[in-house]
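Structure first, then comments.
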Amino acid sequence: MARAVLLPVALLLLCLALAGGADAERKPVGFYELKNKKGDFSIKVTNWGATLVSVLVPDCKGNMADVILGYDTLAEYVNGTASFGATVGRVANRIANSRFVLDGKPYRLFRNDGNNSIHGGHRGFSKVIWTVKEHVLDGDSPYITFFYHSFDGEQGFPGDLDLYVTYQLSSPYDLSIRMNATATTKATPVNLVNHGYWNLAGHGSGDVLRHELQILASRYTPLDATKIPTGQVAPVAGTIYDFLKPTPVGEHMEVVSGGGGGYDINFAVDGQQDALRQVARVEDPKSGRGMEVWANQPGVQLYTSNWLINEKGKGGKVYGQYGALCLETQAYPDAVNHPEFPSSIVRPGGQGYKHDMTIKFYY
Ligand SMILES: *[C@@H]1O[C@H](CO)[C@@H](O)[C@H](O)[C@H]1NC(C)=O
Ligand SMILES: *[C@@H]1O[C@H](CO)[C@@H](O)[C@H](O)[C@H]1NC(C)=O
Ligand SMILES: *[C@@H]1O[C@H](CO)[C@@H](O)[C@H](O)[C@H]1NC(C)=O
């Protein structure tokens, strides 16, 4: 008994000590709830990894469900490896051979995915404590803003970077996630994603293979054997990646190759790449709950929770393979090593990085 209580406390102290390294000041970790006026739409977030912890939305009968996977405690977030709901960076997704050259200078990153680097390294932005800048937790458009200063050389990346992530609710059931980053000393690649694991029937309710998925992308970026884009941007027509019309997620699941089986692939979203536009739509036919994903990014990663195996989540639920899908709006993977892809480089004095996404829930 005593041990079960002590463990989370020990982990909490550990993470506070880790975070103290750069700026000695100790930052508390908290959970915050944002709720609409009517009380039928709310989210929980934490400044650990600027993470989205829960999203409660109704269906047409007024039944509420929490439609995102996550954990109950900070200790589990500190320990977890799935990036549930987290803000992932400095560069989400993979960088080939954990290296790149920028302005003639070579940089080396941690290898944490075979020879590649993934999700910003061992301790990316999803594993650090952000500062709560401001929050309005209720009213018409409740919001919360997190801030993080990333230092020059952090996880191998060049230059200082100031980051903000804002979560905001608006009427009727819109959740917007706005991320920005400003490089202050050197040019650097930046690719932040929100790594929400969605299940519109409710987290822990089984797999999402019957969810109807539409992705507004006529092309995708094929991968080599190490899951790095080949550089091609190929048409989805006639492939298992064609989700232009609403299609059950599991339609081609038995033939999706690689990894644990299932999708883990970037789509080149149609339309003007830096304009806020609809990227995808997902609907659970049983409850009728749906979500549209809008964003101003060139790509979106579809990941079907291929590696979730008996993961203990919120409220005693257990998450298994295909227990959710992720739609991570993003720059193309490994863009820093692919001059032919839309650029992911942010420069001091330049335009800065601005990633807006809105998730519009409906029933
Ligand atoms: C930490 O993660 C491991 C492996 O995923 C798991 O077995 C263990 O129960 C976790 N511990 C906590 C405190 O969540
Ligand atoms: C890593 O790179 C080395 C050298 O190129 C190669 O021999 C090895 O097979 C690679 N490992 C993986 C897991 O791809
Ligand atoms: C980034 O977001 C924060 C919080 O909303 C805002 O105060 C700041 O002006 C934004 N920075 C840029 C460069 O857009």
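Labels for the structure tokens follow display order: chains A, B, ..., residues from 1 in each chain, ligands from 1.
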Dump as JSON lines the rows for residues of chain A within 10 Å of ligand 1: closest atom pair and distance in Å with one decimal, only C-alpha atoms and all ligand atoms counted, ordered by chain and rising residue number.
{"residue": "A:Ala4", "atom": "CA", "partner": "ligand 1", "partner_atom_place_in_ligand_line": "13 (C)", "distance": 8.7}
{"residue": "A:Leu7", "atom": "CA", "partner": "ligand 1", "partner_atom_place_in_ligand_line": "13 (C)", "distance": 6.8}
{"residue": "A:Pro8", "atom": "CA", "partner": "ligand 1", "partner_atom_place_in_ligand_line": "13 (C)", "distance": 6.7}
{"residue": "A:Leu11", "atom": "CA", "partner": "ligand 1", "partner_atom_place_in_ligand_line": "13 (C)", "distance": 8.2}
{"residue": "A:Tyr71", "atom": "CA", "partner": "ligand 1", "partner_atom_place_in_ligand_line": "14 (O)", "distance": 9.0}
{"residue": "A:Asp72", "atom": "CA", "partner": "ligand 1", "partner_atom_place_in_ligand_line": "14 (O)", "distance": 10.0}
{"residue": "A:Thr73", "atom": "CA", "partner": "ligand 1", "partner_atom_place_in_ligand_line": "14 (O)", "distance": 8.5}
{"residue": "A:Leu74", "atom": "CA", "partner": "ligand 1", "partner_atom_place_in_ligand_line": "14 (O)", "distance": 9.1}
{"residue": "A:Ala75", "atom": "CA", "partner": "ligand 1", "partner_atom_place_in_ligand_line": "13 (C)", "distance": 5.8}
{"residue": "A:Glu76", "atom": "CA", "partner": "ligand 1", "partner_atom_place_in_ligand_line": "14 (O)", "distance": 4.2}
{"residue": "A:Tyr77", "atom": "CA", "partner": "ligand 1", "partner_atom_place_in_ligand_line": "14 (O)", "distance": 7.7}
{"residue": "A:Val78", "atom": "CA", "partner": "ligand 1", "partner_atom_place_in_ligand_line": "14 (O)", "distance": 8.1}
{"residue": "A:Asn79", "atom": "CA", "partner": "ligand 1", "partner_atom_place_in_ligand_line": "1 (C)", "distance": 4.8}
{"residue": "A:Gly80", "atom": "CA", "partner": "ligand 1", "partner_atom_place_in_ligand_line": "2 (O)", "distance": 5.8}
{"residue": "A:Thr81", "atom": "CA", "partner": "ligand 1", "partner_atom_place_in_ligand_line": "5 (O)", "distance": 7.0}
{"residue": "A:Ala82", "atom": "CA", "partner": "ligand 1", "partner_atom_place_in_ligand_line": "5 (O)", "distance": 9.0}
{"residue": "A:Ile309", "atom": "CA", "partner": "ligand 1", "partner_atom_place_in_ligand_line": "5 (O)", "distance": 9.5}
{"residue": "A:Asn310", "atom": "CA", "partner": "ligand 1", "partner_atom_place_in_ligand_line": "5 (O)", "distance": 9.5}
{"residue": "A:Glu311", "atom": "CA", "partner": "ligand 1", "partner_atom_place_in_ligand_line": "5 (O)", "distance": 7.4}
{"residue": "A:Lys312", "atom": "CA", "partner": "ligand 1", "partner_atom_place_in_ligand_line": "9 (O)", "distance": 8.2}
{"residue": "A:Gly313", "atom": "CA", "partner": "ligand 1", "partner_atom_place_in_ligand_line": "14 (O)", "distance": 9.5}
*Could you give me, as JSON, numbers by chain, every polymer residue with an atom at most 12 Å away from an atom of ligand 2, counting only C-alpha atoms and all ligand atoms?*
{"A": [96, 97, 98, 111, 112, 113, 114, 115, 116, 117, 224, 225, 226, 227, 228]}
_Contacts of range 145-149 of chain A at 10 Å (only C-alpha atoms; same-chain gap of 5+ positions) as a PyMOL selection string_ = chain A and resi 22-23+46-51+125+128-136+160-168+177-182
*Would you mind reading off the distance between CA of Ala65 in chain A and CA of Ser287 in chain A, one decimal, in Å?*
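These two atoms are separated by 9.8 Å.
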*Near Gly159 in chain A, within 10 Å and counting only C-alpha atoms, which residues show up once chain neighbours fewer than 6 positions away are dropped, as a list in words?*
Ser150, Phe151, Asp152, Gly153, Ala183, Thr184, Thr185, Lys186, Ala187, Thr188, Pro189, Arg347 and Pro348 of chain A
_Excluding Met64 in chain A and its own-chain neighbours fewer than 4 positions away, which residues fall within 9 Å of it when counting only C-alpha atoms? Please give them as a VMD selection string._
chain A and resid 40 to 41 56 to 59 202
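Considering the residues A:Ile144, A:Val190, A:Ala335, A:Leu327 and counting only C-alpha atoms and all ligand atoms, ligand 3 has its shortest atom-to-atom contact with A:Ile144.
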*Shell of 12 Å around Gly120 in chain A, only C-alpha atoms, local chain residues under 2 positions omitted, as a PyMOL selection string*: chain A and resi 83+87-95+98-99+108-113+116-118+122-128+150+153-157+189-193+334
_Can you measure CA of Trp294 in chain A to CA of Asp174 in chain A for me? One decimal in Å is fine._
10.5 Å
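You can rank A:Val101, A:Ile359, A:Tyr353, A:Asp207 by their closest distance to ligand 3 using only C-alpha atoms and all ligand atoms, and at the top of that list sits A:Tyr353.
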*Write down as a PyMOL selection string the residues belonging to range 42-264 of chain A that are assigned alpha helix (DSSP H) by DSSP computed on the backbone.*
chain A and resi 74-79
Export, as a PDB file, in the first residue's frame, the selected residues with C-alpha atoms.
ATOM      1  CA  LEU A  74       1.150  12.691 -13.694  1.00  0.00           C
ATOM      2  CA  ALA A  75       3.345   9.712 -12.768  1.00  0.00           C
ATOM      3  CA  GLU A  76       1.879   7.720 -15.660  1.00  0.00           C
ATOM      4  CA  TYR A  77       2.476  10.603 -18.096  1.00  0.00           C
ATOM      5  CA  VAL A  78       6.093  10.865 -16.910  1.00  0.00           C
ATOM      6  CA  ASN A  79       6.557   7.116 -17.391  1.00  0.00           C
TER       7      ASN A  79
END
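Across A:Ala280, A:Val318, A:Val208, A:Leu52, the tightest approach to Glu292 in chain A is made by A:Ala280 when counting only C-alpha atoms.
Remark: for ligand 3, the closest of the candidate residues A:Val269, A:Val282, A:Asp274, A:Gln351 is A:Gln351 (distances computed over only C-alpha atoms and all ligand atoms).
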*Which residues in range 38-162 of chain A does DSSP call strand (DSSP E or B)? List them as a ChimeraX atom specification.*
/A:42-46,48,51-58,64-66,68,87-88,91,94-95,99-102,105-108,113,115-118,129,131-136,143-150,161-162
_Between A:Trp198, A:Tyr363, A:Tyr107, A:Tyr143, which residue has the minimum interatomic distance to ligand 3, considering only C-alpha atoms and all ligand atoms?_
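When distances to ligand 3 are compared using only C-alpha atoms and all ligand atoms, the smallest one comes from A:Tyr143.
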*When distances are computed from only C-alpha atoms, which of A:Pro285, A:Gly30, A:Gly206, A:Gly290 shows the smallest separation from Lys360 in chain A?*
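Smallest distance to Lys360 in chain A is found for A:Gly290.
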_atom 9 (O, counted along the ligand's line) of ligand 3 to CA of Pro342 in chain A, straight-line distance in Å_ =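 Separating CA of Pro342 in chain A from atom 9 (O, counted along the ligand's line) of ligand 3 is a distance of 24.1 Å.
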